[in-house]
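Novice: Dumping the structure here so I can ask a few things about it.
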Amino acid sequence: MRHQGLTSSHISLHGARQEGFSLIAVIGILAVITIGLSLISPAFVKNIDLRHQETERLQLRRMADGIQTYLEQNKAFPPSLISLIPDYVPFSAAQLTANAHGFPRYYVTHPDMIGFNNSTGLSAGGLVNSRFLLLSNLTQDVAPTITTPAEFETWWGMDESATPGLHIHQGNIGQLFYSLAITPQGNGASFFINTTPATDSGGGLLPTHNAFHLLGTMIGFDENTTYSVPEVQFALTTNTAYWFDPLCSTAKQWNPLDSNCGSLGTVRDEFNTVAYNGNDGTQSWVNDWQETGEADGPASGKMQVVADPQCAAGNCFQFGGGGGGPPTFVSRETDLSGATSATLTFSYLRTTGGNGGNISVQVSGDGGALWTILQTYTMNGSDASPVPQLFDITAFIAANTQVQFVRSGNVKRFLLADNIEISWN
């Protein structure tokens, strides 16, 4: 018997058309793809890596801008990166705290800035530490240990190109700080800085203040012994100095440094020209500046009038330089007959340079026979901005009161004095 169904099925199976690639064709295609990838992949991967690196640099810079804006608005460092959300950076918490490869980012302030209080401010020496770091690595957790100034400086000076994937953003915000000097010339008054409780005199002498505060810090000066409604109030936008003089009329007792009021007279030299005969007060000095130990006039020597951008304003009196040699002196006299109180004020700034020697300021109440040292300035440091000085010289009131500056020792740098004034009542 013939099995027609089986024969028909068998014929249909072997008669079917075969479609697709042969094994040799598939191998060939794979070979071509492999060769292509071997040529394209290194360049492609490198390009992607470069884009990731540039994106990380830009994002760290954006975060640093946010930190600076936070400082300007809050007068404090942000306590963490999360504090920047949502007002200071356009990132989510996940985007802010980790990079595109999932590794954490780190924000570190200089250890000496921990506990920074803008109401107290920074000293000139502390200003250099107003810095922060942003750290990230696209290949691993950078995991920095920064608890000391030395460790901070190590990371600050690190060459990021020596470590694959490492990114270091250095944030220096020293330019956001301005100096504020407050000098009391008598008892009374009160003042306010930033947000802390005001400083009240309680009827006594206010403490002097000389520190750097963040741009925009609110300052208030009140003539009352307990702070209430200030006569003077402003936001700090430049280096500023104020004094309090209870002898001034009401509402005028707080004044910018070198302001005059309530005085019977003043003698003053602003050194507006290269000369020893400046008279810029309400009265005239008895004589010109007199040199001892050299006699080369106001335009040369170890004591001279100079035009220097570091002067408080225009020209100023320069002492120092020239190495060793015997002491040199320069003095000037005024008549304080009839005065009941008197003060000497001026500003000074020590420039950079070698260490050594001293400059002192002295006063005499007997025409220069006997001198009393008011202050000695050791020439081993420099000042970021002019420093205001005020001395009570009431004990030296006479018809021939004199003030003098003395240069002694091996002085290598300079002291710049400006706006030298004696005022009396």
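Letters A, B, ... go to the chains of the structure tokens in the order shown; residues in each chain start at 1; ligands are counted from 1 in the same order.
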Which polymer residues have any atom within 7 Å of an atom of Trp285 in chain A, counting only C-alpha atoms, with same-chain residues fewer than 5 positions away left out, as a count of residues only?

Specialist: 4

Novice: Just list the residues in range 58-232 of chain A DSSP gives alpha helix (DSSP H) on the backbone, as a PyMOL selection string.

Specialist: chain A and resi 58-74+93-97+149-156

Novice: Identify all residues of range 37-174 of chain A in strand (DSSP E) (DSSP on the backbone) and supply them as a PDB file with N, CA and C atoms, in the first residue's frame.

Specialist:
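Output (out03.pdb):
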ATOM      1  N   TYR A 106      32.846  67.069  47.097  1.00  0.00           N
ATOM      2  CA  TYR A 106      33.166  67.536  48.436  1.00  0.00           C
ATOM      3  C   TYR A 106      33.355  69.047  48.434  1.00  0.00           C
ATOM      4  N   TYR A 107      32.829  69.689  49.470  1.00  0.00           N
ATOM      5  CA  TYR A 107      32.950  71.135  49.677  1.00  0.00           C
ATOM      6  C   TYR A 107      33.657  71.344  51.018  1.00  0.00           C
ATOM      7  N   VAL A 108      34.808  72.045  50.975  1.00  0.00           N
ATOM      8  CA  VAL A 108      35.632  72.213  52.181  1.00  0.00           C
ATOM      9  C   VAL A 108      36.068  73.676  52.293  1.00  0.00           C
ATOM     10  N   THR A 109      35.806  74.311  53.441  1.00  0.00           N
ATOM     11  CA  THR A 109      36.341  75.645  53.697  1.00  0.00           C
ATOM     12  C   THR A 109      37.670  75.506  54.432  1.00  0.00           C
ATOM     13  N   ARG A 131      38.985  81.108  51.922  1.00  0.00           N
ATOM     14  CA  ARG A 131      39.018  80.255  50.726  1.00  0.00           C
ATOM     15  C   ARG A 131      38.214  78.979  50.963  1.00  0.00           C
ATOM     16  N   PHE A 132      37.822  78.338  49.855  1.00  0.00           N
ATOM     17  CA  PHE A 132      37.156  77.044  49.934  1.00  0.00           C
ATOM     18  C   PHE A 132      37.584  76.190  48.742  1.00  0.00           C
ATOM     19  N   LEU A 133      37.340  74.889  48.851  1.00  0.00           N
ATOM     20  CA  LEU A 133      37.656  73.933  47.788  1.00  0.00           C
ATOM     21  C   LEU A 133      36.403  73.147  47.406  1.00  0.00           C
ATOM     22  N   LEU A 134      36.262  72.841  46.112  1.00  0.00           N
ATOM     23  CA  LEU A 134      35.282  71.882  45.610  1.00  0.00           C
ATOM     24  C   LEU A 134      36.066  70.753  44.958  1.00  0.00           C
ATOM     25  N   LEU A 135      35.843  69.521  45.401  1.00  0.00           N
ATOM     26  CA  LEU A 135      36.621  68.369  44.944  1.00  0.00           C
ATOM     27  C   LEU A 135      35.702  67.302  44.357  1.00  0.00           C
ATOM     28  N   SER A 136      36.148  66.702  43.241  1.00  0.00           N
ATOM     29  CA  SER A 136      35.368  65.654  42.588  1.00  0.00           C
ATOM     30  C   SER A 136      36.309  64.797  41.747  1.00  0.00           C
ATOM     31  N   ASN A 137      35.983  63.519  41.623  1.00  0.00           N
ATOM     32  CA  ASN A 137      36.755  62.617  40.771  1.00  0.00           C
ATOM     33  C   ASN A 137      35.770  61.744  39.997  1.00  0.00           C
ATOM     34  N   LEU A 166      40.404  63.684  38.311  1.00  0.00           N
ATOM     35  CA  LEU A 166      40.317  64.574  39.465  1.00  0.00           C
ATOM     36  C   LEU A 166      40.013  66.005  39.030  1.00  0.00           C
ATOM     37  N   HIS A 167      39.101  66.643  39.763  1.00  0.00           N
ATOM     38  CA  HIS A 167      38.767  68.044  39.514  1.00  0.00           C
ATOM     39  C   HIS A 167      38.823  68.805  40.833  1.00  0.00           C
ATOM     40  N   ILE A 168      39.564  69.918  40.830  1.00  0.00           N
ATOM     41  CA  ILE A 168      39.699  70.768  42.023  1.00  0.00           C
ATOM     42  C   ILE A 168      39.342  72.193  41.627  1.00  0.00           C
ATOM     43  N   HIS A 169      38.309  72.737  42.263  1.00  0.00           N
ATOM     44  CA  HIS A 169      37.983  74.160  42.053  1.00  0.00           C
ATOM     45  C   HIS A 169      38.404  74.935  43.295  1.00  0.00           C
ATOM     46  N   GLN A 170      39.262  75.929  43.090  1.00  0.00           N
ATOM     47  CA  GLN A 170      39.770  76.749  44.184  1.00  0.00           C
ATOM     48  C   GLN A 170      38.962  78.042  44.259  1.00  0.00           C
ATOM     49  N   GLY A 171      38.304  78.255  45.390  1.00  0.00           N
ATOM     50  CA  GLY A 171      37.488  79.452  45.582  1.00  0.00           C
ATOM     51  C   GLY A 171      38.147  80.417  46.560  1.00  0.00           C
ATOM     52  N   ASN A 172      38.533  81.576  46.073  1.00  0.00           N
ATOM     53  CA  ASN A 172      39.146  82.613  46.917  1.00  0.00           C
ATOM     54  C   ASN A 172      38.196  83.806  46.955  1.00  0.00           C
TER      55      ASN A 172
END

Novice: So that each row is one residue of range 149-221 of chain A with an atom at most 12 Å from range 244-250 of chain A, can you give its shortest atom pair and the distance in Å to one decimal, using only C-alpha atoms, rows by chain and rising number, as CSV?

Specialist:
residue,atom,partner,partner_atom,distance
A:Ala181,CA,A:Phe244,CA,11.2
A:Ile182,CA,A:Phe244,CA,7.9
A:Thr183,CA,A:Phe244,CA,6.4
A:Pro184,CA,A:Phe244,CA,4.7
A:Gln185,CA,A:Asp245,CA,5.1
A:Gly186,CA,A:Asp245,CA,5.8
A:Asn187,CA,A:Pro246,CA,6.9
A:Gly188,CA,A:Pro246,CA,7.1
A:Ala189,CA,A:Phe244,CA,7.4
A:Ser190,CA,A:Phe244,CA,9.3
A:Phe191,CA,A:Phe244,CA,10.1
A:Ser201,CA,A:Phe244,CA,11.4
A:Gly203,CA,A:Pro246,CA,10.9
A:Gly204,CA,A:Pro246,CA,11.5
A:Leu205,CA,A:Phe244,CA,9.9
A:Leu206,CA,A:Phe244,CA,9.0
A:Pro207,CA,A:Phe244,CA,11.1
A:Thr208,CA,A:Phe244,CA,10.3
A:His209,CA,A:Phe244,CA,12.0
A:Phe221,CA,A:Phe244,CA,8.9

Novice: Using N, CA and C atoms, can you write the selected residues to a file as an mmCIF file, in the first residue's frame?

Specialist:
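Written file, part26.cif:
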data_model
loop_
_atom_site.group_PDB
_atom_site.id
_atom_site.type_symbol
_atom_site.label_atom_id
_atom_site.label_comp_id
_atom_site.auth_asym_id
_atom_site.auth_seq_id
_atom_site.Cartn_x
_atom_site.Cartn_y
_atom_site.Cartn_z
ATOM 1 N N ALA A 181 37.223 100.354 60.421
ATOM 2 C CA ALA A 181 37.958 100.824 61.598
ATOM 3 C C ALA A 181 37.059 101.758 62.395
ATOM 4 N N ILE A 182 36.948 101.501 63.697
ATOM 5 C CA ILE A 182 36.143 102.334 64.593
ATOM 6 C C ILE A 182 37.040 102.792 65.735
ATOM 7 N N THR A 183 37.142 104.104 65.919
ATOM 8 C CA THR A 183 38.037 104.657 66.926
ATOM 9 C C THR A 183 37.281 105.641 67.816
ATOM 10 N N PRO A 184 37.183 105.369 69.119
ATOM 11 C CA PRO A 184 36.543 106.325 70.023
ATOM 12 C C PRO A 184 37.525 107.411 70.443
ATOM 13 N N GLN A 185 37.069 108.638 70.469
ATOM 14 C CA GLN A 185 37.904 109.742 70.920
ATOM 15 C C GLN A 185 37.458 110.242 72.291
ATOM 16 N N GLY A 186 36.446 109.618 72.826
ATOM 17 C CA GLY A 186 35.947 109.967 74.151
ATOM 18 C C GLY A 186 34.882 108.984 74.569
ATOM 19 N N ASN A 187 34.395 109.105 75.788
ATOM 20 C CA ASN A 187 33.426 108.168 76.335
ATOM 21 C C ASN A 187 32.051 108.321 75.684
ATOM 22 N N GLY A 188 31.314 107.202 75.646
ATOM 23 C CA GLY A 188 29.949 107.224 75.166
ATOM 24 C C GLY A 188 29.755 106.482 73.867
ATOM 25 N N ALA A 189 28.491 106.498 73.383
ATOM 26 C CA ALA A 189 28.091 105.975 72.078
ATOM 27 C C ALA A 189 27.962 104.452 72.060
ATOM 28 N N SER A 190 27.574 103.922 70.912
ATOM 29 C CA SER A 190 27.394 102.484 70.682
ATOM 30 C C SER A 190 27.410 102.239 69.180
ATOM 31 N N PHE A 191 27.638 100.997 68.805
ATOM 32 C CA PHE A 191 27.622 100.672 67.373
ATOM 33 C C PHE A 191 27.117 99.260 67.154
ATOM 34 N N SER A 201 28.628 101.293 75.001
ATOM 35 C CA SER A 201 29.715 101.814 75.837
ATOM 36 C C SER A 201 29.344 101.833 77.307
ATOM 37 N N GLY A 203 28.487 104.303 78.824
ATOM 38 C CA GLY A 203 29.023 105.551 79.345
ATOM 39 C C GLY A 203 30.535 105.576 79.405
ATOM 40 N N GLY A 204 31.175 104.433 79.173
ATOM 41 C CA GLY A 204 32.633 104.380 79.171
ATOM 42 C C GLY A 204 33.191 104.526 77.766
ATOM 43 N N LEU A 205 34.404 104.060 77.580
ATOM 44 C CA LEU A 205 35.080 104.157 76.284
ATOM 45 C C LEU A 205 34.784 102.913 75.457
ATOM 46 N N LEU A 206 34.303 103.112 74.264
ATOM 47 C CA LEU A 206 34.057 101.990 73.364
ATOM 48 C C LEU A 206 35.359 101.283 73.007
ATOM 49 N N PRO A 207 35.317 99.979 72.732
ATOM 50 C CA PRO A 207 36.521 99.310 72.236
ATOM 51 C C PRO A 207 36.825 99.744 70.802
ATOM 52 N N THR A 208 38.079 99.859 70.475
ATOM 53 C CA THR A 208 38.437 100.114 69.077
ATOM 54 C C THR A 208 38.156 98.856 68.270
ATOM 55 N N HIS A 209 37.914 99.047 66.998
ATOM 56 C CA HIS A 209 37.587 97.921 66.117
ATOM 57 C C HIS A 209 38.331 98.107 64.804
ATOM 58 N N PHE A 221 25.818 103.390 63.714
ATOM 59 C CA PHE A 221 26.485 104.148 64.772
ATOM 60 C C PHE A 221 25.448 105.001 65.500
#

Novice: What lies within 12 Å of Thr69 in chain A using only C-alpha atoms, ignoring chain neighbours under 2 positions off, as a list in words?

Specialist: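 Answer for this query is Arg62, Met63, Ala64, Asp65, Gly66, Ile67, Leu71, Glu72, Gln73, Asn74, Lys75, Ala76, Phe77, Pro78, Ser83, Leu84, Asp87, Tyr88, Val89, Ile173, Leu176, Leu214, Leu215 and Gly216 of chain A.
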
Novice: Can you write just those residues out, N, CA, C and O atoms, as an mmCIF file, in the first residue's frame?

Specialist:
data_model
loop_
_atom_site.group_PDB
_atom_site.id
_atom_site.type_symbol
_atom_site.label_atom_id
_atom_site.label_comp_id
_atom_site.auth_asym_id
_atom_site.auth_seq_id
_atom_site.Cartn_x
_atom_site.Cartn_y
_atom_site.Cartn_z
ATOM 1 N N ARG A 62 29.887 76.535 38.514
ATOM 2 C CA ARG A 62 28.540 77.035 38.816
ATOM 3 C C ARG A 62 28.261 76.906 40.318
ATOM 4 O O ARG A 62 27.646 77.797 40.921
ATOM 5 N N MET A 63 28.706 75.830 40.922
ATOM 6 C CA MET A 63 28.536 75.653 42.359
ATOM 7 C C MET A 63 29.330 76.698 43.136
ATOM 8 O O MET A 63 28.845 77.243 44.144
ATOM 9 N N ALA A 64 30.537 77.018 42.669
ATOM 10 C CA ALA A 64 31.364 78.041 43.330
ATOM 11 C C ALA A 64 30.695 79.408 43.249
ATOM 12 O O ALA A 64 30.714 80.183 44.218
ATOM 13 N N ASP A 65 30.082 79.711 42.102
ATOM 14 C CA ASP A 65 29.335 80.970 41.975
ATOM 15 C C ASP A 65 28.176 81.001 42.970
ATOM 16 O O ASP A 65 27.882 82.053 43.564
ATOM 17 N N GLY A 66 27.529 79.863 43.161
ATOM 18 C CA GLY A 66 26.435 79.791 44.120
ATOM 19 C C GLY A 66 26.912 80.020 45.550
ATOM 20 O O GLY A 66 26.233 80.684 46.345
ATOM 21 N N ILE A 67 28.087 79.472 45.880
ATOM 22 C CA ILE A 67 28.655 79.673 47.218
ATOM 23 C C ILE A 67 28.955 81.152 47.447
ATOM 24 O O ILE A 67 28.675 81.710 48.513
ATOM 25 N N LEU A 71 27.285 83.671 50.223
ATOM 26 C CA LEU A 71 28.066 84.504 51.135
ATOM 27 C C LEU A 71 27.611 85.954 51.102
ATOM 28 O O LEU A 71 27.445 86.597 52.140
ATOM 29 N N GLU A 72 27.421 86.473 49.900
ATOM 30 C CA GLU A 72 27.037 87.872 49.761
ATOM 31 C C GLU A 72 25.673 88.146 50.386
ATOM 32 O O GLU A 72 25.456 89.201 50.985
ATOM 33 N N GLN A 73 24.753 87.196 50.267
ATOM 34 C CA GLN A 73 23.394 87.425 50.746
ATOM 35 C C GLN A 73 23.209 87.064 52.216
ATOM 36 O O GLN A 73 22.396 87.689 52.911
ATOM 37 N N ASN A 74 23.937 86.064 52.701
ATOM 38 C CA ASN A 74 23.730 85.584 54.064
ATOM 39 C C ASN A 74 24.852 85.973 55.020
ATOM 40 O O ASN A 74 24.743 85.735 56.229
ATOM 41 N N LYS A 75 25.938 86.520 54.486
ATOM 42 C CA LYS A 75 27.087 86.952 55.302
ATOM 43 C C LYS A 75 27.660 85.797 56.118
ATOM 44 O O LYS A 75 28.111 85.951 57.257
ATOM 45 N N ALA A 76 27.635 84.602 55.515
ATOM 46 C CA ALA A 76 28.176 83.400 56.138
ATOM 47 C C ALA A 76 28.426 82.371 55.061
ATOM 48 O O ALA A 76 27.806 82.406 53.988
ATOM 49 N N PHE A 77 29.330 81.434 55.326
ATOM 50 C CA PHE A 77 29.568 80.338 54.397
ATOM 51 C C PHE A 77 28.388 79.366 54.464
ATOM 52 O O PHE A 77 27.841 79.120 55.551
ATOM 53 N N PRO A 78 27.977 78.789 53.325
ATOM 54 C CA PRO A 78 26.932 77.756 53.389
ATOM 55 C C PRO A 78 27.437 76.569 54.196
ATOM 56 O O PRO A 78 28.587 76.138 54.030
ATOM 57 N N SER A 83 22.688 73.351 51.132
ATOM 58 C CA SER A 83 22.189 74.686 51.478
ATOM 59 C C SER A 83 22.046 75.584 50.253
ATOM 60 O O SER A 83 21.367 76.610 50.316
ATOM 61 N N LEU A 84 22.662 75.198 49.147
ATOM 62 C CA LEU A 84 22.588 76.009 47.931
ATOM 63 C C LEU A 84 21.289 75.791 47.162
ATOM 64 O O LEU A 84 20.980 76.560 46.239
ATOM 65 N N ASP A 87 17.936 78.119 45.766
ATOM 66 C CA ASP A 87 18.086 79.527 45.403
ATOM 67 C C ASP A 87 19.405 79.878 44.725
ATOM 68 O O ASP A 87 19.498 80.925 44.075
ATOM 69 N N TYR A 88 20.422 79.025 44.875
ATOM 70 C CA TYR A 88 21.754 79.448 44.448
ATOM 71 C C TYR A 88 22.367 78.601 43.336
ATOM 72 O O TYR A 88 23.342 79.018 42.716
ATOM 73 N N VAL A 89 21.830 77.412 43.093
ATOM 74 C CA VAL A 89 22.283 76.571 41.974
ATOM 75 C C VAL A 89 21.084 75.875 41.345
ATOM 76 O O VAL A 89 20.130 75.519 42.055
ATOM 77 N N ILE A 173 37.656 84.105 48.134
ATOM 78 C CA ILE A 173 36.651 85.160 48.218
ATOM 79 C C ILE A 173 37.164 86.364 49.033
ATOM 80 O O ILE A 173 36.366 87.141 49.566
ATOM 81 N N LEU A 176 35.712 89.870 48.578
ATOM 82 C CA LEU A 176 34.391 90.219 49.088
ATOM 83 C C LEU A 176 34.461 90.938 50.435
ATOM 84 O O LEU A 176 33.434 91.332 50.982
ATOM 85 N N LEU A 214 32.297 91.244 55.285
ATOM 86 C CA LEU A 214 31.802 90.949 53.940
ATOM 87 C C LEU A 214 31.091 92.151 53.322
ATOM 88 O O LEU A 214 30.465 92.957 54.018
ATOM 89 N N LEU A 215 31.218 92.248 52.020
ATOM 90 C CA LEU A 215 30.532 93.281 51.248
ATOM 91 C C LEU A 215 29.048 93.305 51.612
ATOM 92 O O LEU A 215 28.387 92.272 51.651
ATOM 93 N N GLY A 216 28.533 94.520 51.869
ATOM 94 C CA GLY A 216 27.121 94.665 52.168
ATOM 95 C C GLY A 216 26.771 94.532 53.631
ATOM 96 O O GLY A 216 25.586 94.636 53.992
#

Novice: May I have a table of the residues of range 331-370 of chain A lying at most 6 Å from range 398-401 of chain A, giving each one's closest pair of atoms and their distance in Å to one decimal, counting only C-alpha atoms, ordered by chain and ascending residue number, as CSV?

Specialist:
residue,atom,partner,partner_atom,distance
A:Glu333,CA,A:Thr401,CA,5.7
A:Thr334,CA,A:Thr401,CA,5.5
A:Asp335,CA,A:Ala399,CA,4.4
A:Leu336,CA,A:Ala399,CA,5.3
A:Ser337,CA,A:Ala399,CA,4.9
A:Ser364,CA,A:Thr401,CA,5.7
A:Gly365,CA,A:Thr401,CA,4.7
A:Gly367,CA,A:Asn400,CA,4.9

Novice: For Ile359 in chain A, which residue out of A:Leu415, A:Ser385, A:Asn380, A:Cys316 is the nearest one, using only C-alpha atoms?

Specialist: A:Leu415

Novice: Can you work out the spacing between CA of Pro298 in chain A and CA of Phe396 in chain A in Å, to one decimal?

Specialist: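 Atom-to-atom, CA of Pro298 in chain A to CA of Phe396 in chain A, that is 27.0 Å.
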
Novice: Excluding same-chain residues fewer than 3 positions from Ser331 in chain A, what lies within 9 Å of it counting only C-alpha atoms, as a list in words?

Specialist: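 Listed by chain and then number, they are Asp288, Trp289, Gln290, Glu291, Thr292, Gly368, Gln402, Val403, Gln404, Phe405 and Val406 of chain A.
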
Novice: Pick out the residues sitting within 10 Å of Ile85 in chain A, and hand them over as a list in words; count only C-alpha atoms, and ignore anything fewer than 6 positions along from it in its own chain.

Specialist: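 Those residues are Gly66, Phe91, Ser92, Ala93 and Leu96 of chain A.
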
Novice: Using only C-alpha atoms, pick whichever of A:Gln310, A:Thr352, A:Thr340, A:Thr97 has the shortest atom-to-atom distance to Asp392 in chain A.

Specialist: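 Among A:Gln310, A:Thr352, A:Thr340, A:Thr97, it is A:Thr340 that comes nearest to Asp392 in chain A.
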
Novice: Quick one: residues within 12 Å of Ala299 in chain A, only C-alpha atoms counted, chain neighbours fewer than 4 positions away excluded, as a PyMOL selection string?

Specialist: chain A and resi 271+273-276+295+303-307+315-318

Novice: Using only C-alpha atoms, find the one residue out of A:Ser161, A:Thr120, A:Asn272, A:Gln389 that sits nearest to Val361 in chain A.

Specialist: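 Using only C-alpha atoms, Val361 in chain A sits closest to A:Gln389.
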
Novice: May I have the residues within 7 Å of Leu344 in chain A as a list in words, using only C-alpha atoms and disregarding those fewer than 3 positions away in the same chain?

Specialist: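 The neighbour list is Leu390, Phe391, Asp392, Ile393, Glu421, Ile422 and Ser423 of chain A.
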
Novice: Quick one: of A:Ser382, A:Phe103, A:Arg332, A:Thr240, who's nearest to Asn287 in chain A, counting only C-alpha atoms?

Specialist: A:Arg332

Novice: CA of Leu180 in chain A and CA of Phe346 in chain A are how many Å apart?

Specialist: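 CA of Phe346 in chain A lies at a distance of 16.1 Å from CA of Leu180 in chain A.
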
Novice: With only C-alpha atoms as the atoms that count, which of A:Ile82, A:Ala251, A:Val128, A:Val286 lies nearest to Arg268 in chain A?

Specialist: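 Using only C-alpha atoms, the shortest distance to Arg268 in chain A belongs to A:Val286.
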
Novice: Smallest atom-to-atom distance to Asp141 in chain A: which of A:Thr163, A:Gly102, A:Gly125, A:Thr154, using only C-alpha atoms?

Specialist: A:Gly102
